[in-house]
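Take a look at the structure below.
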Amino acid sequence: MLKIYIINVKICPKFQRSLMKKFLLVLALAALACAKDYETIDSVDTSFRLFGKDDRIEIIAVKDPKVEGVTCYVSYAKKGGAKEIIGVEEDRSEASVSCVQTAPKILIKEKLKKEDIFEKRSSLIFKKTHVVRMFDEKQNALIYLIYSDKIIDGSPNNSVSAIPCRQAVGEVCEFGYDGNASGANVK
């Protein structure tokens, strides 16, 4: 016969409030850590796994926080199986990026420098996949590069996508800061 014991412990109200505040803080931090800066589009299975999800290629949409009107579509290999369930899988380094203009005008909010616009964990500790934005002032083009790094041995696998500011329809980039890059918006 199964017996269940419930222990009734009285906790000081001051300690109870303190404990509740700490719990809510941890909950808020966990929610912030899990917040996504991308939108999952879909995935395609590449191999069957008996336990957990199958190995797959996932496709996500990433918006550049400093450039309005650009969306980058990223595809990457994702390992499934039991290791994914417990969070110790190491994803492959193969990834691809294709960035497109998604608005009539591209608004560049501030002077651009090379920086990550997206980063995701590809293994438990040491491996990450990055999407880096660069601006080629001479050619007046936005360039997006995806690559994978590892503390000891990174991968040379990469993919690049470029969006020119001068297109057949004319200038598509507008600079929302004082001073513009290399004469952009000059006809």
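Following the order of the structure tokens, first chain is A, next is B, and so on, with residues numbered from 1 inside each chain and ligands from 1 in the order they appear.
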
Please identify every residue of region 61-88 of chain A that has at least one atom no farther than 10 Å from an atom of region 144-152 of chain A, counting only C-alpha atoms, and for each give the shortest atom pair and the distance in Å to one decimal, arranged by chain then increasing number, as a Markdown table.
| residue | atom | partner | partner_atom | distance |
| --- | --- | --- | --- | --- |
| A:Asp64 | CA | A:Tyr144 | CA | 9.9 |
| A:Cys72 | CA | A:Tyr144 | CA | 8.2 |
| A:Val74 | CA | A:Ile146 | CA | 8.3 |
| A:Ser75 | CA | A:Ile146 | CA | 9.9 |
| A:Tyr76 | CA | A:Ile146 | CA | 9.9 |

Residues near Val70 (chain A), anyone? I mean within 12 Å using only C-alpha atoms, not counting same-chain ones fewer than 4 positions away, as number ranges by chain. A: 61-66, 98-108, 117, 133, 142-144, 161-165, 172-173

Fewer than 6 positions away in the same chain doesn't count, so skip those; otherwise give me all residues within 12 Å of region 120-122 of chain A, counting only C-alpha atoms, as a ChimeraX atom specification. /A:34,36-38,60,62,74,76-79,84,87-95,128-131,146-150,154

Which residue gives the smallest distance to Lys109 (chain A) among A:Gly170, A:Gly69, A:Asp55, A:Ser155, with only C-alpha atoms counted?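 Residue with the minimum atom-to-atom distance to Lys109 (chain A): A:Gly69.
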
Helix (DSSP H, G or I) per DSSP on the backbone: members of region 69-165 of chain A, as a list in words: Gly81, Ala82, Lys83, Glu84, Ile85 and Ile86 of chain A

Would you give me, as a ChimeraX atom specification, the residues in region 58-112 of chain A that DSSP reads as strand (DSSP E)? /A:58-63,67-68,70-78,95-101,106-108

Writing out the chosen residues with C-alpha atoms as a PDB file, in the first residue's frame:
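Just written: again14.pdb:
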ATOM      1  CA  GLU A  58      15.921  23.884 -40.074  1.00  0.00           C
ATOM      2  CA  ILE A  59      15.093  27.162 -41.772  1.00  0.00           C
ATOM      3  CA  ILE A  60      14.687  30.363 -39.771  1.00  0.00           C
ATOM      4  CA  ALA A  61      14.124  34.044 -40.600  1.00  0.00           C
ATOM      5  CA  VAL A  62      16.382  36.577 -38.889  1.00  0.00           C
ATOM      6  CA  LYS A  63      15.809  40.340 -38.986  1.00  0.00           C
ATOM      7  CA  VAL A  67      18.674  47.607 -40.827  1.00  0.00           C
ATOM      8  CA  GLU A  68      14.934  47.803 -41.424  1.00  0.00           C
ATOM      9  CA  VAL A  70      16.075  43.153 -44.651  1.00  0.00           C
ATOM     10  CA  THR A  71      15.343  39.550 -43.673  1.00  0.00           C
ATOM     11  CA  CYS A  72      17.963  36.805 -43.726  1.00  0.00           C
ATOM     12  CA  TYR A  73      16.849  33.215 -44.226  1.00  0.00           C
ATOM     13  CA  VAL A  74      19.226  30.807 -42.522  1.00  0.00           C
ATOM     14  CA  SER A  75      19.329  27.045 -43.017  1.00  0.00           C
ATOM     15  CA  TYR A  76      21.445  24.798 -40.815  1.00  0.00           C
ATOM     16  CA  ALA A  77      21.869  21.131 -39.979  1.00  0.00           C
ATOM     17  CA  LYS A  78      20.366  20.089 -36.626  1.00  0.00           C
ATOM     18  CA  ALA A  95      24.873  26.394 -42.850  1.00  0.00           C
ATOM     19  CA  SER A  96      23.624  28.767 -45.511  1.00  0.00           C
ATOM     20  CA  VAL A  97      22.254  32.326 -45.552  1.00  0.00           C
ATOM     21  CA  SER A  98      20.200  34.225 -48.122  1.00  0.00           C
ATOM     22  CA  CYS A  99      19.194  37.803 -47.340  1.00  0.00           C
ATOM     23  CA  VAL A 100      16.475  39.670 -49.186  1.00  0.00           C
ATOM     24  CA  GLN A 101      14.939  43.122 -49.239  1.00  0.00           C
ATOM     25  CA  ILE A 106      15.945  49.636 -46.669  1.00  0.00           C
ATOM     26  CA  LEU A 107      16.435  51.933 -43.673  1.00  0.00           C
ATOM     27  CA  ILE A 108      19.909  51.807 -42.163  1.00  0.00           C
TER      28      ILE A 108
END

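Here CA of Val169 (chain A) stands at a distance of 23.0 Å from CA of Met134 (chain A).
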
What lies within 12 Å of Lys53 (chain A) using only C-alpha atoms, ignoring chain neighbours under 3 positions off, as JSON, numbers by chain? {"A": [43, 44, 45, 46, 47, 48, 49, 50, 56, 57, 78, 79, 80, 81, 82, 83, 84, 85, 86, 89]}

So the first atom is CA of Ser159 (chain A) and the second is CA of Lys138 (chain A); what is the distance between them in Å, to one decimal place? 21.2 Å

May I ask for the distance between CA of Asn158 (chain A) and CA of Val132 (chain A), given in Å to one decimal place? 11.1 Å

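Shortest separation to Lys111 (chain A) among A:Ser123, A:Gly52, A:Glu137, A:Asp42 occurs at residue A:Glu137, atoms counted being only C-alpha atoms.
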